[in-house]
Amino acid sequence: MELLENQPTLLEKQRLYLQQVQQFYKQIETWGKGQFEFAALAHYPINDITGDYQAEALVVLQENAHGSKENLVKFFPHGITFLTGNGVVEMQGPLGEEEVIYIQRENLMYTERNGQECPMYEGFEGDGWYWLVTDKENARLRRFAKAEFLELVRRGTGQENLYELI
């Protein structure tokens with residue numbers, strides 16, 4: 001039976017993805033406590049290999065010099081990718097966008113190097129959220145932690161002073 005024909009399996013994949021996203025948001029809120037405020041945007045639409053469903057998006061806010069709240073960046077769930085089966089959340093800010101990917105060992109893509117099968121991206125440490133950092137020469141994974149969260153906010157907003165908090 002094809003995966004896409006098995007509705008209970010698809011609903012379970014959606015449930016697990018939504019659970020991973022909620023845990024991701026809770027971790028971000030822990031790292032940003034005292035520096036940022038957070039707001040949830042309900043009913044964000046997702047259309048992926050499992051079907052159509054909704055999730056929450058997360059907005060990172062900061063008080064500006066005038067005392068009002070300013071949206072810095074938003075984290076939007078994008079669902080499960082077709083080719084790899086990994087969950088994706090996109091960070092969008094006024095100056096940039098980046099993707100954070102939930103990678104499981106069984107969904108990690110491999111390539112052949114020197115006669116050995118190796119992960120396609122360097123930096124994989126085990127199941128979890130990763131930021132896929134690409135430059136002109138290569139792409140590597142960085143396990144998502146507080147430093148990566150602050151770096152994403154800095155890249156999305158151009159706020160250089162965030163480095164002081166890492």
# chains A, B, ... in the order shown; residues from 1 in each chain; ligands from 1
>>> residues_around(residues="Gln19 (chain A)", least_positions_apart="5", cutoff="12 Å", atoms="only C-alpha atoms", output="PDB file with all heavy atoms, in the first residue's frame")
ATOM      1  N   GLU A  12      -1.034  10.582  11.449  1.00  0.00           N
ATOM      2  CA  GLU A  12      -0.010  10.405  12.487  1.00  0.00           C
ATOM      3  C   GLU A  12       1.226  11.243  12.155  1.00  0.00           C
ATOM      4  O   GLU A  12       1.825  11.857  13.033  1.00  0.00           O
ATOM      5  CB  GLU A  12       0.358   8.927  12.636  1.00  0.00           C
ATOM      6  CG  GLU A  12       1.419   8.658  13.670  1.00  0.00           C
ATOM      7  CD  GLU A  12       1.037   9.021  15.097  1.00  0.00           C
ATOM      8  OE1 GLU A  12      -0.151   9.293  15.381  1.00  0.00           O
ATOM      9  OE2 GLU A  12       1.938   9.048  15.953  1.00  0.00           O
ATOM     10  N   LYS A  13       1.620  11.294  10.890  1.00  0.00           N
ATOM     11  CA  LYS A  13       2.753  12.130  10.471  1.00  0.00           C
ATOM     12  C   LYS A  13       2.449  13.610  10.737  1.00  0.00           C
ATOM     13  O   LYS A  13       3.311  14.344  11.215  1.00  0.00           O
ATOM     14  CB  LYS A  13       3.084  11.920   9.002  1.00  0.00           C
ATOM     15  CG  LYS A  13       3.812  10.630   8.713  1.00  0.00           C
ATOM     16  CD  LYS A  13       4.231  10.591   7.253  1.00  0.00           C
ATOM     17  CE  LYS A  13       5.147   9.439   6.984  1.00  0.00           C
ATOM     18  NZ  LYS A  13       6.454   9.582   7.585  1.00  0.00           N
ATOM     19  N   GLN A  14       1.232  14.036  10.430  1.00  0.00           N
ATOM     20  CA  GLN A  14       0.842  15.420  10.721  1.00  0.00           C
ATOM     21  C   GLN A  14       0.929  15.700  12.217  1.00  0.00           C
ATOM     22  O   GLN A  14       1.472  16.722  12.638  1.00  0.00           O
ATOM     23  CB  GLN A  14      -0.588  15.692  10.248  1.00  0.00           C
ATOM     24  CG  GLN A  14      -0.766  15.811   8.780  1.00  0.00           C
ATOM     25  CD  GLN A  14      -2.225  16.014   8.387  1.00  0.00           C
ATOM     26  OE1 GLN A  14      -3.107  16.175   9.221  1.00  0.00           O
ATOM     27  NE2 GLN A  14      -2.482  16.001   7.086  1.00  0.00           N
ATOM     28  N   PHE A  24       9.577  23.015  19.247  1.00  0.00           N
ATOM     29  CA  PHE A  24      10.519  23.977  18.677  1.00  0.00           C
ATOM     30  C   PHE A  24      10.185  25.387  19.163  1.00  0.00           C
ATOM     31  O   PHE A  24      11.058  26.127  19.616  1.00  0.00           O
ATOM     32  CB  PHE A  24      10.439  23.869  17.150  1.00  0.00           C
ATOM     33  CG  PHE A  24      11.277  24.839  16.378  1.00  0.00           C
ATOM     34  CD1 PHE A  24      12.649  24.694  16.310  1.00  0.00           C
ATOM     35  CD2 PHE A  24      10.688  25.888  15.684  1.00  0.00           C
ATOM     36  CE1 PHE A  24      13.425  25.568  15.574  1.00  0.00           C
ATOM     37  CE2 PHE A  24      11.447  26.763  14.941  1.00  0.00           C
ATOM     38  CZ  PHE A  24      12.825  26.606  14.890  1.00  0.00           C
ATOM     39  N   TYR A  25       8.909  25.763  19.096  1.00  0.00           N
ATOM     40  CA  TYR A  25       8.483  27.087  19.551  1.00  0.00           C
ATOM     41  C   TYR A  25       8.732  27.274  21.046  1.00  0.00           C
ATOM     42  O   TYR A  25       9.187  28.338  21.477  1.00  0.00           O
ATOM     43  CB  TYR A  25       6.999  27.312  19.252  1.00  0.00           C
ATOM     44  CG  TYR A  25       6.639  27.456  17.788  1.00  0.00           C
ATOM     45  CD1 TYR A  25       5.309  27.387  17.393  1.00  0.00           C
ATOM     46  CD2 TYR A  25       7.587  27.669  16.796  1.00  0.00           C
ATOM     47  CE1 TYR A  25       4.940  27.531  16.063  1.00  0.00           C
ATOM     48  CE2 TYR A  25       7.231  27.806  15.464  1.00  0.00           C
ATOM     49  CZ  TYR A  25       5.907  27.738  15.101  1.00  0.00           C
ATOM     50  OH  TYR A  25       5.547  27.878  13.791  1.00  0.00           O
ATOM     51  N   LYS A  26       8.458  26.271  21.844  1.00  0.00           N
ATOM     52  CA  LYS A  26       8.692  26.372  23.295  1.00  0.00           C
ATOM     53  C   LYS A  26      10.169  26.603  23.584  1.00  0.00           C
ATOM     54  O   LYS A  26      10.524  27.396  24.452  1.00  0.00           O
ATOM     55  CB  LYS A  26       8.201  25.113  24.008  1.00  0.00           C
ATOM     56  CG  LYS A  26       6.704  25.024  24.164  1.00  0.00           C
ATOM     57  CD  LYS A  26       6.332  23.798  24.973  1.00  0.00           C
ATOM     58  CE  LYS A  26       4.902  23.408  24.969  1.00  0.00           C
ATOM     59  NZ  LYS A  26       3.864  24.317  24.978  1.00  0.00           N
ATOM     60  N   ALA A  55      -1.644  24.954  11.410  1.00  0.00           N
ATOM     61  CA  ALA A  55      -0.740  24.991  12.557  1.00  0.00           C
ATOM     62  C   ALA A  55      -0.623  26.438  13.021  1.00  0.00           C
ATOM     63  O   ALA A  55      -1.210  27.339  12.414  1.00  0.00           O
ATOM     64  CB  ALA A  55       0.616  24.443  12.170  1.00  0.00           C
ATOM     65  N   GLU A  56       0.149  26.638  14.062  1.00  0.00           N
ATOM     66  CA  GLU A  56       0.439  27.992  14.530  1.00  0.00           C
ATOM     67  C   GLU A  56       1.762  28.463  13.939  1.00  0.00           C
ATOM     68  O   GLU A  56       2.680  27.670  13.761  1.00  0.00           O
ATOM     69  CB  GLU A  56       0.566  28.023  16.053  1.00  0.00           C
ATOM     70  CG  GLU A  56      -0.723  27.915  16.794  1.00  0.00           C
ATOM     71  CD  GLU A  56      -0.541  28.088  18.294  1.00  0.00           C
ATOM     72  OE1 GLU A  56       0.598  28.032  18.802  1.00  0.00           O
ATOM     73  OE2 GLU A  56      -1.564  28.285  18.967  1.00  0.00           O
ATOM     74  N   PRO A  77       5.429  27.302   9.907  1.00  0.00           N
ATOM     75  CA  PRO A  77       5.570  25.877   9.594  1.00  0.00           C
ATOM     76  C   PRO A  77       5.245  25.643   8.119  1.00  0.00           C
ATOM     77  O   PRO A  77       4.314  26.222   7.587  1.00  0.00           O
ATOM     78  CB  PRO A  77       4.534  25.221  10.505  1.00  0.00           C
ATOM     79  CG  PRO A  77       3.511  26.282  10.746  1.00  0.00           C
ATOM     80  CD  PRO A  77       4.233  27.590  10.687  1.00  0.00           C
ATOM     81  N   GLY A  79       5.430  22.265   6.860  1.00  0.00           N
ATOM     82  CA  GLY A  79       5.011  20.883   6.696  1.00  0.00           C
ATOM     83  C   GLY A  79       6.174  19.955   6.441  1.00  0.00           C
ATOM     84  O   GLY A  79       7.321  20.256   6.730  1.00  0.00           O
ATOM     85  N   GLY A  87      10.501  17.607   8.443  1.00  0.00           N
ATOM     86  CA  GLY A  87       9.658  18.751   8.746  1.00  0.00           C
ATOM     87  C   GLY A  87      10.421  20.043   8.532  1.00  0.00           C
ATOM     88  O   GLY A  87      11.621  20.112   8.790  1.00  0.00           O
ATOM     89  N   TYR A 102      13.607  19.682  10.603  1.00  0.00           N
ATOM     90  CA  TYR A 102      13.652  18.587  11.572  1.00  0.00           C
ATOM     91  C   TYR A 102      14.103  17.343  10.824  1.00  0.00           C
ATOM     92  O   TYR A 102      13.414  16.852   9.936  1.00  0.00           O
ATOM     93  CB  TYR A 102      12.288  18.329  12.221  1.00  0.00           C
ATOM     94  CG  TYR A 102      12.397  17.346  13.362  1.00  0.00           C
ATOM     95  CD1 TYR A 102      12.691  17.788  14.643  1.00  0.00           C
ATOM     96  CD2 TYR A 102      12.262  15.977  13.154  1.00  0.00           C
ATOM     97  CE1 TYR A 102      12.824  16.895  15.694  1.00  0.00           C
ATOM     98  CE2 TYR A 102      12.403  15.084  14.192  1.00  0.00           C
ATOM     99  CZ  TYR A 102      12.685  15.539  15.453  1.00  0.00           C
ATOM    100  OH  TYR A 102      12.831  14.652  16.492  1.00  0.00           O
TER     101      TYR A 102
END
>>> residues_around(residues="Gln92 (chain A)", least_positions_apart="2", cutoff="6 Å", atoms="only C-alpha atoms", output="NGL selection string")
:A and (73-74 or 97)
>>> closest_residue(among="A:Glu137, A:Asp52, A:Glu148, A:Glu63", to="Ile28 (chain A)", atoms="only C-alpha atoms")
A:Glu148
>>> residues_around(residues="Asp48 (chain A)", least_positions_apart="3", cutoff="8 Å", atoms="only C-alpha atoms", output="compact mmCIF listing (two decimals) with N, CA and C atoms, in the first residue's frame")
# COMPACT_ATOMS: atom_id res chain seq x y z
N GLY A 51 -1.37 16.12 3.22
CA GLY A 51 -2.66 16.74 2.98
C GLY A 51 -2.69 18.19 3.42
N ASP A 52 -3.89 18.71 3.63
CA ASP A 52 -4.11 20.09 4.07
C ASP A 52 -4.44 20.08 5.55
N HIS A 78 6.06 24.82 7.47
CA HIS A 78 5.83 24.52 6.06
C HIS A 78 5.45 23.08 5.82
N GLY A 79 5.43 22.27 6.86
CA GLY A 79 5.01 20.88 6.70
C GLY A 79 6.17 19.96 6.44
N ILE A 80 5.84 18.83 5.86
CA ILE A 80 6.79 17.74 5.64
C ILE A 80 7.19 17.72 4.18
N THR A 81 8.49 17.69 3.92
CA THR A 81 8.97 17.71 2.54
C THR A 81 8.68 16.40 1.82
N PHE A 82 8.46 16.50 0.55
CA PHE A 82 8.10 15.34 -0.26
C PHE A 82 9.26 14.36 -0.40
>>> atom_distance(atom1="CA of Phe144 (chain A)", atom2="CA of Gln20 (chain A)")
13.1 Å
>>> select_by_dssp(residues="region 6-164 of chain A", states="strand (DSSP E)", output="ChimeraX atom specification")
/A:37-48,51-63,69-80,87-93,96-103,110-113,116-119,128-134,139-143
>>> atom_distance(atom1="CA of Asn64 (chain A)", atom2="CA of Glu99 (chain A)")
26.2 Å
>>> closest_residue(among="A:Pro45, A:Gly96, A:Pro8, A:Gly128", to="Gln23 (chain A)", atoms="only C-alpha atoms")
A:Gly128
